[in-house]
Every structure is written in structure tokens, then in C-alpha cells.
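What follows is the content of structure-v4.pdb, which has PDB, C-alpha atoms:
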ATOM      1  CA  MET A 196     -18.054  18.135 -79.602
ATOM      2  CA  THR A 197     -19.205  14.933 -77.947
ATOM      3  CA  LEU A 198     -22.731  13.771 -78.677
ATOM      4  CA  ALA A 199     -24.935  11.206 -77.023
ATOM      5  CA  ALA A 200     -27.949   9.676 -78.734
ATOM      6  CA  GLN A 201     -29.753   8.699 -75.526
ATOM      7  CA  ASN A 202     -29.013   7.996 -71.900
ATOM      8  CA  SER A 203     -28.518   4.340 -71.156
ATOM      9  CA  ASP A 204     -29.066   2.369 -68.013
ATOM     10  CA  LEU A 205     -26.483   0.198 -66.276
ATOM     11  CA  ALA A 206     -27.665  -2.885 -68.154
ATOM     12  CA  CYS A 207     -26.513  -1.429 -71.454
ATOM     13  CA  ARG A 208     -23.330   0.579 -70.995
ATOM     14  CA  ALA A 209     -21.368  -0.346 -74.121
ATOM     15  CA  ARG A 210     -20.591   2.751 -76.145
ATOM     16  CA  TYR A 211     -19.617   3.243 -79.780
ATOM     17  CA  ARG A 212     -17.616   6.044 -81.251
ATOM     18  CA  GLY A 213     -17.624   5.880 -84.995
ATOM     19  CA  SER A 214     -15.752   7.564 -87.774
ATOM     20  CA  VAL A 215     -16.923  10.906 -89.055
ATOM     21  CA  ARG A 216     -14.335  11.205 -91.811
ATOM     22  CA  ASP A 217     -15.433  14.308 -93.763
ATOM     23  CA  ALA A 218     -19.076  13.690 -92.849
ATOM     24  CA  ARG A 219     -21.603  16.115 -91.452
ATOM     25  CA  VAL A 220     -24.359  13.770 -90.353
ATOM     26  CA  PRO A 221     -27.116  15.080 -88.091
ATOM     27  CA  VAL A 222     -27.637  13.230 -84.832
ATOM     28  CA  SER A 223     -31.167  11.969 -84.494
ATOM     29  CA  GLY A 224     -32.456  12.702 -81.011
ATOM     30  CA  GLY A 225     -28.964  13.494 -79.794
ATOM     31  CA  HIS A 226     -27.580  16.090 -77.461
ATOM     32  CA  GLU A 227     -24.162  17.359 -76.503
ATOM     33  CA  VAL A 228     -22.664  15.531 -73.538
ATOM     34  CA  PRO A 229     -22.301  18.233 -70.850
ATOM     35  CA  LYS A 230     -19.027  16.898 -69.477
ATOM     36  CA  PRO A 231     -16.345  14.886 -71.304
ATOM     37  CA  SER A 232     -15.994  12.966 -68.023
ATOM     38  CA  GLU A 233     -19.285  11.232 -68.917
ATOM     39  CA  ALA A 234     -17.467   9.274 -71.667
ATOM     40  CA  PRO A 235     -13.733   9.457 -70.826
ATOM     41  CA  TRP A 236     -13.010   6.154 -72.607
ATOM     42  CA  MET A 237     -13.570   7.778 -75.994
ATOM     43  CA  VAL A 238     -10.518   7.963 -78.257
ATOM     44  CA  THR A 239      -9.598  10.192 -81.184
ATOM     45  CA  ILE A 240      -7.375   8.931 -83.984
ATOM     46  CA  SER A 241      -5.852  11.696 -86.114
ATOM     47  CA  SER A 242      -3.417  11.992 -88.981
ATOM     48  CA  GLY A 243      -2.045  14.763 -91.169
ATOM     49  CA  ASP A 244      -1.196  18.363 -90.386
ATOM     50  CA  GLY A 245      -3.008  21.069 -88.454
ATOM     51  CA  THR A 246      -4.809  21.223 -85.131
ATOM     52  CA  PRO A 247      -6.264  18.058 -83.549
ATOM     53  CA  ALA A 248      -9.758  19.220 -84.574
ATOM     54  CA  ASP A 249      -8.651  19.701 -88.201
ATOM     55  CA  ARG A 250      -6.890  16.321 -88.310
ATOM     56  CA  PHE A 251      -9.569  14.146 -86.680
ATOM     57  CA  SER A 252     -10.261  11.119 -88.853
ATOM     58  CA  CYS A 253     -11.610   8.299 -86.677
ATOM     59  CA  GLY A 254     -12.701   7.356 -83.223
ATOM     60  CA  GLY A 255     -12.344   4.428 -80.920
ATOM     61  CA  VAL A 256     -13.031   3.267 -77.401
ATOM     62  CA  LEU A 257     -10.640   2.257 -74.623
ATOM     63  CA  ILE A 258     -11.560  -1.371 -73.851
ATOM     64  CA  SER A 259      -8.679  -2.114 -71.457
ATOM     65  CA  PRO A 260      -5.741  -0.049 -70.173
ATOM     66  CA  THR A 261      -3.675  -1.200 -73.189
ATOM     67  CA  ARG A 262      -6.307  -1.816 -75.915
ATOM     68  CA  ILE A 263      -8.479   0.392 -78.126
ATOM     69  CA  ALA A 264     -11.307  -0.916 -80.310
ATOM     70  CA  THR A 265     -11.860   0.956 -83.557
ATOM     71  CA  ALA A 266     -13.053   0.356 -87.091
ATOM     72  CA  GLY A 267     -10.824  -1.577 -89.479
ATOM     73  CA  HIS A 268     -11.182   1.134 -92.111
ATOM     74  CA  CYS A 269      -9.502   3.568 -89.700
ATOM     75  CA  LEU A 270      -6.257   1.642 -90.097
ATOM     76  CA  ASP A 271      -6.674   0.490 -93.711
ATOM     77  CA  HIS A 272      -3.942   1.890 -95.973
ATOM     78  CA  THR A 273      -2.553   3.931 -93.077
ATOM     79  CA  ASP A 274       1.017   4.231 -91.867
ATOM     80  CA  PRO A 275       0.701   3.677 -88.087
ATOM     81  CA  GLY A 276       3.594   6.091 -87.564
ATOM     82  CA  ASP A 277       1.427   8.895 -88.984
ATOM     83  CA  LEU A 278      -1.366   8.391 -86.441
ATOM     84  CA  GLU A 279      -1.870  10.427 -83.297
ATOM     85  CA  ILE A 280      -4.052   8.723 -80.681
ATOM     86  CA  ARG A 281      -5.592  10.628 -77.775
ATOM     87  CA  VAL A 282      -7.655   9.301 -74.864
ATOM     88  CA  GLY A 283      -9.893  11.032 -72.333
ATOM     89  CA  GLY A 284     -10.160  14.428 -73.949
ATOM     90  CA  GLY A 285     -12.896  16.951 -74.340
ATOM     91  CA  PRO A 286     -13.517  19.144 -77.366
ATOM     92  CA  LEU A 287     -10.497  18.682 -79.638
ATOM     93  CA  SER A 288      -9.962  22.411 -80.004
ATOM     94  CA  ALA A 289      -9.669  22.963 -76.232
ATOM     95  CA  ARG A 290      -8.664  19.705 -74.511
ATOM     96  CA  PRO A 291      -7.571  17.040 -76.983
ATOM     97  CA  GLY A 292      -6.735  14.463 -74.288
ATOM     98  CA  GLN A 293      -3.790  12.335 -73.308
ATOM     99  CA  LEU A 294      -1.440  11.321 -76.147
ATOM    100  CA  VAL A 295      -0.830   7.549 -76.233
ATOM    101  CA  HIS A 296       1.426   5.481 -78.468
ATOM    102  CA  MET A 297       0.653   2.392 -80.510
ATOM    103  CA  ARG A 298       2.699  -0.786 -80.217
ATOM    104  CA  GLY A 299       0.738  -2.463 -83.002
ATOM    105  CA  PHE A 300      -2.722  -3.296 -84.243
ATOM    106  CA  ALA A 301      -4.803  -6.152 -85.612
ATOM    107  CA  VAL A 302      -7.582  -5.773 -88.180
ATOM    108  CA  HIS A 303     -10.268  -8.471 -88.448
ATOM    109  CA  PRO A 304      -8.875 -11.123 -90.825
ATOM    110  CA  HIS A 305     -11.982 -10.933 -93.042
ATOM    111  CA  TYR A 306     -12.138  -7.133 -93.202
ATOM    112  CA  ARG A 307     -12.847  -5.956 -96.722
ATOM    113  CA  VAL A 308     -14.164  -2.964 -98.597
ATOM    114  CA  VAL A 309     -17.526  -3.590-100.253
ATOM    115  CA  PRO A 310     -18.066  -1.450-103.366
ATOM    116  CA  SER A 311     -21.325   0.438-103.725
ATOM    117  CA  PRO A 312     -23.658  -1.282-106.223
ATOM    118  CA  SER A 313     -24.627   2.118-107.627
ATOM    119  CA  ALA A 314     -21.077   3.539-107.837
ATOM    120  CA  PRO A 315     -18.537   0.691-107.639
ATOM    121  CA  GLU A 316     -15.633   2.938-108.692
ATOM    122  CA  ASP A 317     -16.333   5.538-105.957
ATOM    123  CA  TYR A 318     -14.436   4.517-102.822
ATOM    124  CA  ALA A 319     -16.217   7.194-100.750
ATOM    125  CA  LYS A 320     -19.547   5.437-101.378
ATOM    126  CA  SER A 321     -18.266   1.979-100.478
ATOM    127  CA  GLY A 322     -19.013   0.108 -97.272
ATOM    128  CA  ALA A 323     -17.005  -2.402 -95.263
ATOM    129  CA  ALA A 324     -17.516  -5.890 -93.878
ATOM    130  CA  ASP A 325     -15.967  -7.182 -90.639
ATOM    131  CA  ASP A 326     -14.925  -3.577 -90.047
ATOM    132  CA  VAL A 327     -13.240  -3.902 -86.649
ATOM    133  CA  ALA A 328      -9.691  -3.534 -85.345
ATOM    134  CA  VAL A 329      -7.830  -3.473 -82.034
ATOM    135  CA  ILE A 330      -4.932  -1.135 -81.315
ATOM    136  CA  VAL A 331      -2.357  -2.290 -78.750
ATOM    137  CA  LEU A 332      -0.705   0.533 -76.789
ATOM    138  CA  THR A 333       2.938   0.684 -75.693
ATOM    139  CA  LYS A 334       1.944   1.228 -72.055
ATOM    140  CA  PRO A 335      -1.252   1.282 -69.982
ATOM    141  CA  VAL A 336      -3.382   4.418 -69.997
ATOM    142  CA  ARG A 337      -3.453   6.010 -66.548
ATOM    143  CA  GLY A 338      -6.300   8.077 -65.138
ATOM    144  CA  VAL A 339      -8.923   6.947 -67.669
ATOM    145  CA  HIS A 340     -11.169   3.959 -67.055
ATOM    146  CA  PRO A 341     -12.055   1.691 -69.994
ATOM    147  CA  VAL A 342     -15.638   1.636 -71.235
ATOM    148  CA  PRO A 343     -17.951  -0.081 -68.742
ATOM    149  CA  VAL A 344     -19.421  -3.230 -70.208
ATOM    150  CA  ALA A 345     -22.800  -4.663 -69.274
ATOM    151  CA  ARG A 346     -22.641  -7.671 -66.951
ATOM    152  CA  HIS A 347     -25.846  -9.104 -68.436
ATOM    153  CA  ALA A 348     -27.450  -8.984 -71.849
ATOM    154  CA  PRO A 349     -30.198  -6.376 -72.088
ATOM    155  CA  VAL A 350     -33.740  -7.735 -71.967
ATOM    156  CA  GLY A 351     -36.828  -6.683 -73.830
ATOM    157  CA  ALA A 352     -36.889  -3.047 -74.772
ATOM    158  CA  THR A 353     -33.850  -1.950 -72.756
ATOM    159  CA  GLU A 354     -32.757   1.449 -73.996
ATOM    160  CA  CYS A 355     -29.128   1.572 -75.050
ATOM    161  CA  GLY A 356     -27.052   4.679 -75.635
ATOM    162  CA  SER A 357     -24.220   5.569 -77.938
ATOM    163  CA  THR A 358     -21.632   8.303 -78.075
ATOM    164  CA  ALA A 359     -19.695   9.753 -80.987
ATOM    165  CA  THR A 360     -17.479  12.682 -81.772
ATOM    166  CA  GLY A 361     -17.961  15.114 -84.562
TER     167      GLY A 361
END

Go ahead and render the structure in this file as C-alpha cells.
Amino acid sequence: MTLAAQNSDLACRARYRGSVRDARVPVSGGHEVPKPSEAPWMVTISSGDGTPADRFSCGGVLISPTRIATAGHCLDHTDPGDLEIRVGGGPLSARPGQLVHMRGFAVHPHYRVVPSPSAPEDYAKSGAADDVAVIVLTKPVRGVHPVPVARHAPVGATECGSTATG
């Protein structure tokens, strides 16, 4: 299912698709996006066995025909050969999207896991700093436009939107 927190105007078109690894977090003020074509630049990153919906672990966004932005923790301690990356899909159970292949990736050089002060031994409760990465694809994605980026910084109380999968 694709969710959108709010509609955004042309001045604030950047979208974010975050990880929902084993989380069931309610969307505040959100609604299901009626058509996947409203956010075709969204990416799913999966690993493991089973259907694409069962294996979903992280998300990303197509930022150019050969680049995907994602969170650094999505690639931390992961064998890139075990990842399946899909672009431009709808619900994972029905239309998982176009399979693309990774040439390589770069994680922010200062990425690090930050232990929880209340449970430093519990990795699931930890956070991350500089949690960003870029995946480089083997060939350009065809038929899916990268995320539109605002040409100007939003002013005042410009309403921005976000999208996520879950």
C-alpha cells in the first residue's frame, strides 16, 4: 500500500520513502495514494525469501535514471547480492514494479548506529546518524521519471508532502 501524508504543491515536491522494517506505525493524517502513478519514483528494496510483500525491508527514491537515494541502515551489514530492487510498482502483492540491478552503492562516510540511552544493548531500539546512501544502477531505468525536485526553496508555511510504503 502506498500512503501519502498530505498533498504538496509544486514548490515542495521532494518525497521521502522510509523504512518500515517490521514496523506497524499509523500514518497521521495520511491516506492511500489512489494510483501508484502518483509516485512512480518510489523504490522497494527487498531481501530474503517469499513474495515481494513478505520480503520488503526498505524503501528509496529514484533521484536520477541511474541513482536511488535510500537510508544507510538499509545497506548496513547487507550483502548487495541478496537485495532485490524494484522501481515504479504498485502494491507489492499485485504489481511489484520493474526489477533493476545494482552496480554499487555508497553510504555516508559518517553513518553510524547510535545506541538507545535506555536500552544500549537492543539494536532494534537504536537510531542512526548520517543515515543516507546512494545506490548506483547497472543501467538507466526506463519508463519511470525520477522524483521531481523543487526549483526554489519553500517559503513561509508551504505545505510539503511525503510518501511511504507499508

What are the centre and edge lengths in Å, to one decimal, of the axis-aligned box around all listed atoms of segment 267-276 of chain A with 3 Å added on each side, as AutoDock Vina command-line options?
--center_x -3.8 --center_y 2.3 --center_z -91.8 --size_x 20.8 --size_y 13.7 --size_z 14.4

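Taking all atoms listed in the file into account, Val238 of chain A lies nearest to A:Val339 out of the set A:Leu270, A:Val339, A:Val308, A:Ala324.
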
- Note on the structure: Taken to one decimal, the atom CA of Ala323 of chain A-atom CA of His268 of chain A distance is 7.5 Å

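When all atoms listed in the file are used to measure the gap to Val329 of chain A, the shortest distance among A:His347, A:Arg250, A:Arg290, A:His303 belongs to A:His303.
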
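With only C-alpha atoms as the atoms that count, the residue of A:Gly254, A:Pro275, A:Pro235, A:Gly292 with the shortest distance to Leu332 of chain A is A:Pro275.
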